[in-house]
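Asker: Contents of entry09.pdb (PDB, C-alpha atoms, pLDDT in the B column) are below:
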```pdb
ATOM      1  CA  GLY W   1       0.000   0.000   0.000  1.00 69.00           C
ATOM      2  CA  ALA W   2       0.883   3.666  -0.108  1.00 82.00           C
ATOM      3  CA  VAL W   3       3.610   4.777   2.272  1.00 90.00           C
ATOM      4  CA  VAL W   4       4.383   8.249   3.541  1.00 94.00           C
ATOM      5  CA  SER W   5       7.655   8.847   5.318  1.00 95.00           C
ATOM      6  CA  GLN W   6       7.778  11.735   7.777  1.00 97.00           C
ATOM      7  CA  HIS W   7      10.994  12.952   9.376  1.00 97.00           C
ATOM      8  CA  PRO W   8      12.128  13.621  11.959  1.00 97.00           C
ATOM      9  CA  SER W   9       9.919  11.642  14.301  1.00 96.00           C
ATOM     10  CA  ARG W  10      11.006  13.682  17.275  1.00 96.00           C
ATOM     11  CA  VAL W  11      12.867  16.961  17.584  1.00 97.00           C
ATOM     12  CA  ILE W  12      13.823  19.220  20.442  1.00 97.00           C
ATOM     13  CA  CYS W  13      14.923  22.735  19.574  1.00 96.00           C
ATOM     14  CA  LYS W  14      15.727  25.959  21.327  1.00 97.00           C
ATOM     15  CA  SER W  15      13.303  28.831  21.335  1.00 97.00           C
ATOM     16  CA  GLY W  16      13.915  31.162  18.404  1.00 97.00           C
ATOM     17  CA  THR W  17      15.307  28.546  16.055  1.00 97.00           C
ATOM     18  CA  SER W  18      13.621  27.045  12.999  1.00 97.00           C
ATOM     19  CA  VAL W  19      12.712  23.439  12.415  1.00 98.00           C
ATOM     20  CA  LYS W  20      11.979  21.700   9.133  1.00 98.00           C
ATOM     21  CA  ILE W  21       9.746  18.661   8.903  1.00 98.00           C
ATOM     22  CA  GLU W  22       9.760  16.530   5.752  1.00 97.00           C
ATOM     23  CA  CYS W  23       6.994  14.421   4.354  1.00 96.00           C
ATOM     24  CA  ARG W  24       7.707  12.089   1.443  1.00 95.00           C
ATOM     25  CA  SER W  25       5.317   9.885  -0.470  1.00 93.00           C
ATOM     26  CA  LEU W  26       7.428   6.863  -1.315  1.00 92.00           C
ATOM     27  CA  ASP W  27       5.431   4.971  -3.887  1.00 87.00           C
ATOM     28  CA  PHE W  28       2.891   7.350  -5.333  1.00 86.00           C
ATOM     29  CA  GLN W  29       2.643  10.887  -6.586  1.00 89.00           C
ATOM     30  CA  ALA W  30       0.837  13.053  -4.090  1.00 88.00           C
ATOM     31  CA  THR W  31      -0.906  15.930  -5.775  1.00 89.00           C
ATOM     32  CA  THR W  32      -2.113  17.267  -2.443  1.00 92.00           C
ATOM     33  CA  MET W  33      -0.501  17.387   0.965  1.00 94.00           C
ATOM     34  CA  PHE W  34      -2.291  18.246   4.169  1.00 95.00           C
ATOM     35  CA  TRP W  35      -0.551  19.348   7.345  1.00 97.00           C
ATOM     36  CA  TYR W  36      -2.189  18.812  10.703  1.00 96.00           C
ATOM     37  CA  ARG W  37      -1.354  19.728  14.242  1.00 96.00           C
ATOM     38  CA  GLN W  38      -2.457  17.681  17.212  1.00 94.00           C
ATOM     39  CA  PHE W  39      -2.429  18.810  20.826  1.00 89.00           C
ATOM     40  CA  PRO W  40      -2.352  16.210  23.598  1.00 85.00           C
ATOM     41  CA  LYS W  41      -5.570  14.237  23.841  1.00 82.00           C
ATOM     42  CA  GLN W  42      -7.159  16.285  21.102  1.00 85.00           C
ATOM     43  CA  SER W  43      -8.144  15.748  17.525  1.00 89.00           C
ATOM     44  CA  LEU W  44      -6.199  16.723  14.435  1.00 92.00           C
ATOM     45  CA  MET W  45      -6.444  20.357  13.471  1.00 93.00           C
ATOM     46  CA  LEU W  46      -5.904  21.119   9.802  1.00 95.00           C
ATOM     47  CA  MET W  47      -3.223  23.749   9.348  1.00 96.00           C
ATOM     48  CA  ALA W  48      -2.895  23.993   5.593  1.00 96.00           C
ATOM     49  CA  THR W  49      -3.472  22.328   2.265  1.00 94.00           C
ATOM     50  CA  SER W  50      -0.850  22.396  -0.432  1.00 92.00           C
ATOM     51  CA  ASN W  51      -1.031  21.337  -4.035  1.00 88.00           C
ATOM     52  CA  GLU W  52       2.135  20.556  -5.930  1.00 84.00           C
ATOM     53  CA  GLY W  53       3.608  23.681  -7.468  1.00 81.00           C
ATOM     54  CA  SER W  54       1.153  26.038  -5.809  1.00 84.00           C
ATOM     55  CA  LYS W  55       1.148  28.132  -2.695  1.00 88.00           C
ATOM     56  CA  ALA W  56      -0.356  26.499   0.333  1.00 92.00           C
ATOM     57  CA  THR W  57      -3.818  27.421   1.530  1.00 94.00           C
ATOM     58  CA  TYR W  58      -3.780  28.076   5.255  1.00 96.00           C
ATOM     59  CA  GLU W  59      -6.654  27.621   7.644  1.00 95.00           C
ATOM     60  CA  GLN W  60      -7.950  30.566   9.569  1.00 95.00           C
ATOM     61  CA  GLY W  61      -5.758  31.387  12.538  1.00 94.00           C
ATOM     62  CA  VAL W  62      -2.655  29.673  11.179  1.00 96.00           C
ATOM     63  CA  GLU W  63       0.200  32.094  10.543  1.00 95.00           C
ATOM     64  CA  LYS W  64       1.602  31.460   7.094  1.00 93.00           C
ATOM     65  CA  ASP W  65       4.818  33.340   7.868  1.00 95.00           C
ATOM     66  CA  LYS W  66       5.427  31.156  10.874  1.00 96.00           C
ATOM     67  CA  PHE W  67       4.530  27.819   9.329  1.00 97.00           C
ATOM     68  CA  LEU W  68       6.159  27.757   5.912  1.00 96.00           C
ATOM     69  CA  ILE W  69       4.950  24.988   3.643  1.00 95.00           C
ATOM     70  CA  ASN W  70       6.694  23.968   0.464  1.00 91.00           C
ATOM     71  CA  HIS W  71       5.368  21.382  -1.951  1.00 89.00           C
ATOM     72  CA  ALA W  72       7.873  21.572  -4.759  1.00 81.00           C
ATOM     73  CA  SER W  73       7.441  18.060  -6.102  1.00 89.00           C
ATOM     74  CA  LEU W  74       4.829  15.331  -6.216  1.00 89.00           C
ATOM     75  CA  THR W  75       6.706  13.316  -3.623  1.00 92.00           C
ATOM     76  CA  LEU W  76       7.945  15.891  -1.127  1.00 93.00           C
ATOM     77  CA  SER W  77       6.395  18.517   1.078  1.00 94.00           C
ATOM     78  CA  THR W  78       8.069  20.352   3.925  1.00 96.00           C
ATOM     79  CA  LEU W  79       6.769  22.288   6.903  1.00 97.00           C
ATOM     80  CA  THR W  80       9.175  24.766   8.481  1.00 97.00           C
ATOM     81  CA  VAL W  81       8.330  26.165  11.881  1.00 98.00           C
ATOM     82  CA  THR W  82      10.157  29.467  11.978  1.00 97.00           C
ATOM     83  CA  SER W  83      11.316  31.179  15.150  1.00 97.00           C
ATOM     84  CA  ALA W  84       9.792  28.420  17.219  1.00 97.00           C
ATOM     85  CA  HIS W  85       8.446  29.124  20.677  1.00 96.00           C
ATOM     86  CA  PRO W  86       7.290  26.773  23.423  1.00 96.00           C
ATOM     87  CA  GLU W  87       3.646  27.222  22.401  1.00 95.00           C
ATOM     88  CA  ASP W  88       4.546  25.670  19.042  1.00 96.00           C
ATOM     89  CA  SER W  89       5.355  22.414  20.806  1.00 96.00           C
ATOM     90  CA  SER W  90       2.959  19.882  19.398  1.00 96.00           C
ATOM     91  CA  PHE W  91       2.564  16.762  17.283  1.00 96.00           C
ATOM     92  CA  TYR W  92       2.601  17.540  13.559  1.00 97.00           C
ATOM     93  CA  ILE W  93       1.253  15.048  11.025  1.00 96.00           C
ATOM     94  CA  CYS W  94       1.246  15.188   7.253  1.00 96.00           C
ATOM     95  CA  SER W  95      -1.146  13.441   4.916  1.00 95.00           C
ATOM     96  CA  ALA W  96      -0.468  12.813   1.271  1.00 93.00           C
ATOM     97  CA  SER W  97      -3.263  12.264  -1.166  1.00 91.00           C
ATOM     98  CA  ARG W  98      -4.212  11.957  -4.769  1.00 86.00           C
ATOM     99  CA  GLN W  99      -7.680  12.193  -6.219  1.00 79.00           C
ATOM    100  CA  GLY W 100      -9.322   8.806  -6.021  1.00 75.00           C
ATOM    101  CA  TYR W 101      -6.573   7.227  -3.963  1.00 77.00           C
ATOM    102  CA  GLY W 102      -7.494   8.370  -0.484  1.00 84.00           C
ATOM    103  CA  TYR W 103      -5.228   9.691   2.210  1.00 91.00           C
ATOM    104  CA  THR W 104      -2.002   8.308   3.625  1.00 91.00           C
ATOM    105  CA  PHE W 105      -0.613   9.704   6.833  1.00 93.00           C
ATOM    106  CA  GLY W 106       2.941  10.107   7.973  1.00 94.00           C
ATOM    107  CA  SER W 107       3.953   8.792  11.379  1.00 94.00           C
ATOM    108  CA  GLY W 108       4.076  12.282  12.867  1.00 95.00           C
ATOM    109  CA  THR W 109       6.722  14.579  14.340  1.00 97.00           C
ATOM    110  CA  ARG W 110       6.836  15.423  18.018  1.00 96.00           C
ATOM    111  CA  LEU W 111       8.228  18.958  18.300  1.00 97.00           C
ATOM    112  CA  THR W 112       9.366  20.229  21.675  1.00 97.00           C
ATOM    113  CA  VAL W 113      10.595  23.806  21.925  1.00 97.00           C
ATOM    114  CA  VAL W 114      12.610  24.598  25.036  1.00 97.00           C
TER     115      VAL W 114
ATOM    116  CA  GLY M   1     -19.952  23.974   8.509  1.00 59.00           C
ATOM    117  CA  GLU M   2     -18.835  20.398   8.666  1.00 68.00           C
ATOM    118  CA  ASP M   3     -18.800  18.784  12.072  1.00 87.00           C
ATOM    119  CA  VAL M   4     -18.067  15.273  13.264  1.00 92.00           C
ATOM    120  CA  GLU M   5     -18.964  14.140  16.765  1.00 93.00           C
ATOM    121  CA  GLN M   6     -17.803  11.120  18.720  1.00 94.00           C
ATOM    122  CA  SER M   7     -18.046   9.969  22.294  1.00 90.00           C
ATOM    123  CA  LEU M   8     -14.691  10.438  23.994  1.00 91.00           C
ATOM    124  CA  PHE M   9     -14.226   7.221  25.943  1.00 95.00           C
ATOM    125  CA  LEU M  10     -15.156   3.559  25.707  1.00 97.00           C
ATOM    126  CA  SER M  11     -14.082   0.748  27.969  1.00 97.00           C
ATOM    127  CA  VAL M  12     -14.677  -2.921  27.154  1.00 98.00           C
ATOM    128  CA  ARG M  13     -13.499  -6.292  28.401  1.00 97.00           C
ATOM    129  CA  GLU M  14     -11.172  -8.382  26.315  1.00 97.00           C
ATOM    130  CA  GLY M  15     -13.147 -10.689  24.062  1.00 97.00           C
ATOM    131  CA  ASP M  16     -16.248  -8.495  24.007  1.00 97.00           C
ATOM    132  CA  SER M  17     -17.369  -6.416  21.045  1.00 98.00           C
ATOM    133  CA  SER M  18     -16.678  -2.693  20.924  1.00 98.00           C
ATOM    134  CA  VAL M  19     -18.981  -0.263  19.181  1.00 98.00           C
ATOM    135  CA  ILE M  20     -17.741   3.236  18.506  1.00 98.00           C
ATOM    136  CA  ASN M  21     -20.282   5.736  17.248  1.00 97.00           C
ATOM    137  CA  CYS M  22     -19.946   8.867  15.159  1.00 96.00           C
ATOM    138  CA  THR M  23     -22.338  11.458  13.797  1.00 95.00           C
ATOM    139  CA  TYR M  24     -21.633  13.955  11.062  1.00 92.00           C
ATOM    140  CA  THR M  25     -23.462  16.964   9.725  1.00 88.00           C
ATOM    141  CA  ASP M  26     -22.454  17.291   6.087  1.00 83.00           C
ATOM    142  CA  SER M  27     -24.967  15.347   4.024  1.00 78.00           C
ATOM    143  CA  SER M  28     -22.773  15.715   0.946  1.00 80.00           C
ATOM    144  CA  SER M  29     -19.989  13.660   2.529  1.00 77.00           C
ATOM    145  CA  THR M  30     -19.091  10.966   0.098  1.00 83.00           C
ATOM    146  CA  TYR M  31     -16.471   9.007   1.995  1.00 89.00           C
ATOM    147  CA  LEU M  32     -16.423   8.148   5.670  1.00 93.00           C
ATOM    148  CA  TYR M  33     -13.336   6.760   7.351  1.00 94.00           C
ATOM    149  CA  TRP M  34     -12.186   5.145  10.549  1.00 96.00           C
ATOM    150  CA  TYR M  35      -8.602   5.686  11.659  1.00 96.00           C
ATOM    151  CA  LYS M  36      -6.690   4.229  14.589  1.00 96.00           C
ATOM    152  CA  GLN M  37      -3.986   6.120  16.457  1.00 94.00           C
ATOM    153  CA  GLU M  38      -1.692   4.506  18.964  1.00 93.00           C
ATOM    154  CA  PRO M  39       0.282   6.671  21.432  1.00 87.00           C
ATOM    155  CA  GLY M  40       2.889   8.824  19.717  1.00 84.00           C
ATOM    156  CA  ALA M  41       2.104   7.435  16.294  1.00 87.00           C
ATOM    157  CA  GLY M  42       0.444   8.629  13.135  1.00 88.00           C
ATOM    158  CA  LEU M  43      -2.941   7.550  11.867  1.00 91.00           C
ATOM    159  CA  GLN M  44      -3.606   4.093  10.529  1.00 92.00           C
ATOM    160  CA  LEU M  45      -6.505   3.693   8.135  1.00 92.00           C
ATOM    161  CA  LEU M  46      -8.740   0.902   9.390  1.00 95.00           C
ATOM    162  CA  THR M  47     -11.543   1.033   6.901  1.00 94.00           C
ATOM    163  CA  TYR M  48     -13.739   3.373   4.924  1.00 92.00           C
ATOM    164  CA  ILE M  49     -17.193   3.319   3.439  1.00 93.00           C
ATOM    165  CA  PHE M  50     -18.806   5.081   0.531  1.00 90.00           C
ATOM    166  CA  SER M  51     -21.949   7.008   1.269  1.00 88.00           C
ATOM    167  CA  ASN M  52     -23.998   4.762  -1.012  1.00 89.00           C
ATOM    168  CA  MET M  53     -23.220   1.736   1.166  1.00 91.00           C
ATOM    169  CA  ASP M  54     -24.993   0.640   4.336  1.00 93.00           C
ATOM    170  CA  MET M  55     -22.468  -1.792   5.685  1.00 96.00           C
ATOM    171  CA  LYS M  56     -18.952  -2.956   5.152  1.00 96.00           C
ATOM    172  CA  GLN M  57     -17.233  -5.837   6.907  1.00 96.00           C
ATOM    173  CA  ASP M  58     -13.533  -6.546   6.986  1.00 93.00           C
ATOM    174  CA  GLN M  59     -12.437  -9.367   9.291  1.00 95.00           C
ATOM    175  CA  ARG M  60     -13.167  -8.193  12.855  1.00 97.00           C
ATOM    176  CA  LEU M  61     -14.350  -4.771  11.732  1.00 97.00           C
ATOM    177  CA  THR M  62     -17.900  -3.914  10.720  1.00 97.00           C
ATOM    178  CA  VAL M  63     -18.906  -0.436   9.639  1.00 97.00           C
ATOM    179  CA  LEU M  64     -22.564   0.565   9.600  1.00 97.00           C
ATOM    180  CA  LEU M  65     -23.762   3.729   7.924  1.00 95.00           C
ATOM    181  CA  ASN M  66     -27.176   5.291   8.424  1.00 94.00           C
ATOM    182  CA  LYS M  67     -27.123   8.073   5.906  1.00 91.00           C
ATOM    183  CA  LYS M  68     -30.563   9.350   6.854  1.00 91.00           C
ATOM    184  CA  ASP M  69     -29.461   9.933  10.448  1.00 93.00           C
ATOM    185  CA  LYS M  70     -25.871  10.764   9.434  1.00 92.00           C
ATOM    186  CA  HIS M  71     -24.653   8.120  11.847  1.00 95.00           C
ATOM    187  CA  LEU M  72     -21.619   5.916  11.425  1.00 95.00           C
ATOM    188  CA  SER M  73     -20.469   3.126  13.699  1.00 97.00           C
ATOM    189  CA  LEU M  74     -17.447   0.877  13.943  1.00 98.00           C
ATOM    190  CA  ARG M  75     -17.836  -2.503  15.573  1.00 98.00           C
ATOM    191  CA  ILE M  76     -14.741  -4.425  16.610  1.00 98.00           C
ATOM    192  CA  ALA M  77     -15.470  -8.067  17.301  1.00 98.00           C
ATOM    193  CA  ASP M  78     -13.478 -10.037  19.883  1.00 98.00           C
ATOM    194  CA  THR M  79     -11.701  -6.927  21.120  1.00 98.00           C
ATOM    195  CA  GLN M  80      -8.087  -7.487  22.127  1.00 97.00           C
ATOM    196  CA  THR M  81      -5.743  -5.465  24.339  1.00 96.00           C
ATOM    197  CA  GLY M  82      -3.878  -4.470  21.196  1.00 95.00           C
ATOM    198  CA  ASP M  83      -7.000  -2.661  20.057  1.00 97.00           C
ATOM    199  CA  SER M  84      -6.554  -0.109  22.839  1.00 97.00           C
ATOM    200  CA  ALA M  85      -6.031   3.192  21.011  1.00 97.00           C
ATOM    201  CA  ILE M  86      -7.821   6.321  19.883  1.00 96.00           C
ATOM    202  CA  TYR M  87     -10.255   5.855  17.020  1.00 97.00           C
ATOM    203  CA  PHE M  88     -11.081   8.770  14.760  1.00 96.00           C
ATOM    204  CA  CYS M  89     -14.072   9.064  12.532  1.00 96.00           C
ATOM    205  CA  ALA M  90     -13.532  11.301   9.488  1.00 94.00           C
ATOM    206  CA  GLU M  91     -15.449  12.461   6.460  1.00 92.00           C
ATOM    207  CA  SER M  92     -14.545  13.913   3.104  1.00 88.00           C
ATOM    208  CA  LEU M  93     -16.356  15.134   0.034  1.00 82.00           C
ATOM    209  CA  ASN M  94     -14.068  13.215  -2.279  1.00 75.00           C
ATOM    210  CA  SER M  95     -11.197  10.832  -1.967  1.00 71.00           C
ATOM    211  CA  GLY M  96      -8.104  12.971  -1.978  1.00 75.00           C
ATOM    212  CA  ASN M  97      -8.668  16.548  -3.067  1.00 79.00           C
ATOM    213  CA  THR M  98     -10.348  17.951   0.006  1.00 86.00           C
ATOM    214  CA  PRO M  99      -9.124  17.631   3.585  1.00 90.00           C
ATOM    215  CA  LEU M 100     -10.559  15.129   5.984  1.00 91.00           C
ATOM    216  CA  VAL M 101     -12.733  16.473   8.774  1.00 90.00           C
ATOM    217  CA  PHE M 102     -12.047  14.549  11.959  1.00 93.00           C
ATOM    218  CA  GLY M 103     -14.039  13.865  15.061  1.00 93.00           C
ATOM    219  CA  LYS M 104     -12.358  14.367  18.415  1.00 92.00           C
ATOM    220  CA  GLY M 105     -11.548  10.700  18.708  1.00 95.00           C
ATOM    221  CA  THR M 106     -12.779   7.912  20.976  1.00 97.00           C
ATOM    222  CA  ARG M 107     -10.286   6.458  23.417  1.00 96.00           C
ATOM    223  CA  LEU M 108     -10.866   2.719  23.598  1.00 97.00           C
ATOM    224  CA  SER M 109      -9.565   0.938  26.677  1.00 97.00           C
ATOM    225  CA  VAL M 110      -9.578  -2.835  26.667  1.00 97.00           C
ATOM    226  CA  ILE M 111      -9.544  -4.487  30.063  1.00 95.00           C
ATOM    227  CA  ALA M 112      -7.911  -7.891  30.272  1.00 90.00           C
TER     228      ALA M 112
END
```
Rewrite the structure of this file - the entire thing - as structure tokens.
Answerer:
Amino acid sequence: GAVVSQHPSRVICKSGTSVKIECRSLDFQATTMFWYRQFPKQSLMLMATSNEGSKATYEQGVEKDKFLINHASLTLSTLTVTSAHPEDSSFYICSASRQGYGYTFGSGTRLTVV
Amino acid sequence: GEDVEQSLFLSVREGDSSVINCTYTDSSSTYLYWYKQEPGAGLQLLTYIFSNMDMKQDQRLTVLLNKKDKHLSLRIADTQTGDSAIYFCAESLNSGNTPLVFGKGTRLSVIA
């Protein structure tokens, strides 16, 4: 079946630094990538939707200058958390999809900002 | 707007059946999904059902859809301790182009 590789699985960074999270679809071409954020014991909150070669569409309340999303190819999307602060600590999950093929999720990235 | 509701907790004894319920508001939802999330992990697709189906069975899993009431359920037969996890119900208008809308998740605890 479809596989999405998300890295890193866990990262600890200092406040003020930037962190990049990668999401790769290994065996299919993902025309759309979705980025979610999950707080402890809560559901997944959609942050943004990105289509290959286009600018990402951000959900209301999500700062596009803080959460930079790049979807330059059909197999790779990246989320960069810029100038991270402790309140950005969370679990980030990507989902790769293609029309008619459903959604495949990465294994998630636990970000801790200290 | 779209909304998906689930009960937050369910506790069952090992060997019993578990039934996790979900209601949704968007009548144009075409696909309905059940995902499983274990601690610290991503989401694992368990099963999905098209809106023109009433039931789908896959080994220990049975999905029932009542489109009139916008009610979806997931039954897990012979529940095992390894089934302990959070189960998310989700809907989408199509399969891939639009984002999934998730419920808050039901935490299933299986007691040995």
Asker: Would you mind listing, as JSON, numbers by chain, all residues of chain M that have at least one atom within 9 Å of chain W, where only C-alpha atoms are what counts?
Answerer: {"M": [40, 41, 42, 43, 44, 45, 88, 94, 95, 96, 97, 98, 99, 100, 101, 102, 103, 104, 105]}
Asker: Figure out the distance between atom CA of Trp34 of chain M and atom CA of Cys89 of chain M, please, to one decimal in Å.
Answerer: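 Interatomic distance here is 4.8 Å.
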Asker: Report, in Å with one decimal, the straight-line distance from atom CA of Glu22 of chain W to atom CA of Ala72 of chain W.
Answerer: 11.8 Å
Asker: Tell me which of W:Leu76, W:Val62, W:Val114, W:Ile21 sits closest to Val4 of chain W, counting only C-alpha atoms.
Answerer: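 Ranked by minimum distance to Val4 of chain W, first place goes to W:Leu76.
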Asker: What do you get, as number ranges by chain, if you spell out every residue that the PyMOL selection byres ((chain M and resi 11-19) around 7) selects here?
Answerer: M: 9-10, 20-21, 73-81, 108-112
Asker: With distances taken over all atoms listed in the file, which residue among M:Gln37, M:Thr23, M:Arg107, M:Ile49 lies nearest Lys68 of chain M?
Answerer: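 Of M:Gln37, M:Thr23, M:Arg107, M:Ile49, the one nearest Lys68 of chain M, counting all atoms listed in the file, is M:Thr23.
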Asker: Find the distance between atom CA of Glu91 of chain M and atom CA of Cys22 of chain M and write it in Å to one decimal.
Answerer: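 Calculated distance between atom CA of Glu91 of chain M and atom CA of Cys22 of chain M is 10.4 Å.
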Asker: Apply the PyMOL selection byres ((chain W and resi 83) around 8) to the structure shown and report the selected residues as a list in words.
Answerer: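 Selected by the PyMOL selection byres ((chain W and resi 83) around 8) in this file: Ser15, Gly16, Thr17, Ser18, Lys66, Val81, Thr82, Ala84 and His85 of chain W.
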Asker: Could you write out that same residue set with C-alpha atoms as a PDB file, keeping the file's coordinate frame?
Answerer:
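Output saved as again_36.pdb:
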```pdb
ATOM      1  CA  SER W  15      13.303  28.831  21.335  1.00 97.00           C
ATOM      2  CA  GLY W  16      13.915  31.162  18.404  1.00 97.00           C
ATOM      3  CA  THR W  17      15.307  28.546  16.055  1.00 97.00           C
ATOM      4  CA  SER W  18      13.621  27.045  12.999  1.00 97.00           C
ATOM      5  CA  LYS W  66       5.427  31.156  10.874  1.00 96.00           C
ATOM      6  CA  VAL W  81       8.330  26.165  11.881  1.00 98.00           C
ATOM      7  CA  THR W  82      10.157  29.467  11.978  1.00 97.00           C
ATOM      8  CA  ALA W  84       9.792  28.420  17.219  1.00 97.00           C
ATOM      9  CA  HIS W  85       8.446  29.124  20.677  1.00 96.00           C
TER      10      HIS W  85
END
```
Asker: Name all residues at most 7 Å from Thr30 of chain M (count all atoms listed in the file; drop same-chain ones fewer than 6 positions away) and give them as a list in words.
Answerer: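 The residues satisfying every condition are Phe50, Ser51, Ser92, Leu93 and Asn94 of chain M.
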Asker: Carefully work through the PyMOL selection byres ((chain W and resi 88) around 8) for this structure and note down the residues it includes, as a PyMOL selection string.
Answerer: chain W and resi 84-87+89-90+111-113
Asker: When you look at Met47 of chain W with a cut-off of 9 Å (counting all atoms listed in the file), what residues show up, excluding the ones that are within fewer than 5 positions of it in the same chain? I need them as a list in words.
Answerer: Phe34, Trp35, Tyr36, Arg37, Thr57, Tyr58, Glu59, Gln60, Gly61, Val62 and Phe67 of chain W
Asker: Need the axis-aligned box for segment 91-96 of chain W with 3 Å each side, so what are the centre and edges in Å to one decimal, as lines of an AutoDock Vina configuration file?
Answerer:
```
center_x = 0.7
center_y = 15.2
center_z = 9.3
size_x = 9.7
size_y = 10.7
size_z = 22.0
```
Asker: Restricting the calculation to all atoms listed in the file: of M:Ser84, M:Ala90, M:Ser27, M:Leu46, which residue gets closest to Asn66 of chain M?
Answerer: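 Counting all atoms listed in the file, the residue closest to Asn66 of chain M is M:Ser27.
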Asker: Need the shell around Ser54 of chain W: protein/DNA/RNA residues with any atom at most 9 Å away, counting only C-alpha atoms. Skip same-chain ones fewer than 4 positions apart. Format as a PyMOL selection string?
Answerer: chain W and resi 50+70-72
Asker: Some atoms are absent from segment 81-95 of chain M, so rebuild N, CA, C and O atoms and return them as a short mmCIF file (atom, residue, chain, number, x, y, z; two decimals), keeping the file's coordinate frame.
Answerer:
```
data_model
loop_
_atom_site.label_atom_id
_atom_site.label_comp_id
_atom_site.auth_asym_id
_atom_site.auth_seq_id
_atom_site.Cartn_x
_atom_site.Cartn_y
_atom_site.Cartn_z
N THR M 81 -6.46 -6.56 23.68
CA THR M 81 -5.74 -5.46 24.34
C THR M 81 -4.98 -4.62 23.32
O THR M 81 -4.81 -3.42 23.52
N GLY M 82 -4.57 -5.23 22.23
CA GLY M 82 -3.88 -4.47 21.20
C GLY M 82 -4.77 -3.50 20.45
O GLY M 82 -4.29 -2.68 19.67
N ASP M 83 -6.07 -3.60 20.68
CA ASP M 83 -7.00 -2.66 20.06
C ASP M 83 -7.11 -1.36 20.85
O ASP M 83 -7.73 -0.41 20.39
N SER M 84 -6.52 -1.33 22.03
CA SER M 84 -6.55 -0.11 22.84
C SER M 84 -5.85 1.00 22.08
O SER M 84 -4.67 0.88 21.71
N ALA M 85 -6.56 2.09 21.82
CA ALA M 85 -6.03 3.19 21.01
C ALA M 85 -7.10 4.27 20.94
O ALA M 85 -8.16 4.15 21.55
N ILE M 86 -6.81 5.30 20.17
CA ILE M 86 -7.82 6.32 19.88
C ILE M 86 -8.33 6.08 18.47
O ILE M 86 -7.53 5.87 17.55
N TYR M 87 -9.63 6.11 18.31
CA TYR M 87 -10.26 5.86 17.02
C TYR M 87 -10.92 7.14 16.54
O TYR M 87 -11.75 7.73 17.23
N PHE M 88 -10.54 7.55 15.34
CA PHE M 88 -11.08 8.77 14.76
C PHE M 88 -12.02 8.43 13.61
O PHE M 88 -11.68 7.65 12.72
N CYS M 89 -13.15 9.08 13.64
CA CYS M 89 -14.07 9.06 12.53
C CYS M 89 -13.74 10.28 11.67
O CYS M 89 -13.39 11.34 12.21
N ALA M 90 -13.83 10.16 10.35
CA ALA M 90 -13.53 11.30 9.49
C ALA M 90 -14.39 11.24 8.24
O ALA M 90 -14.79 10.16 7.81
N GLU M 91 -14.65 12.40 7.68
CA GLU M 91 -15.45 12.46 6.46
C GLU M 91 -14.72 13.30 5.42
O GLU M 91 -13.89 14.15 5.75
N SER M 92 -15.05 13.06 4.17
CA SER M 92 -14.54 13.91 3.10
C SER M 92 -15.55 13.95 1.96
O SER M 92 -16.38 13.04 1.83
N LEU M 93 -15.47 14.99 1.17
CA LEU M 93 -16.36 15.13 0.03
C LEU M 93 -15.89 14.27 -1.13
O LEU M 93 -16.69 13.84 -1.94
N ASN M 94 -14.61 14.08 -1.24
CA ASN M 94 -14.07 13.22 -2.28
C ASN M 94 -12.86 12.51 -1.71
O ASN M 94 -12.48 12.74 -0.57
N SER M 95 -12.29 11.63 -2.49
CA SER M 95 -11.20 10.83 -1.97
C SER M 95 -9.86 11.40 -2.40
O SER M 95 -9.22 10.90 -3.31
#
```
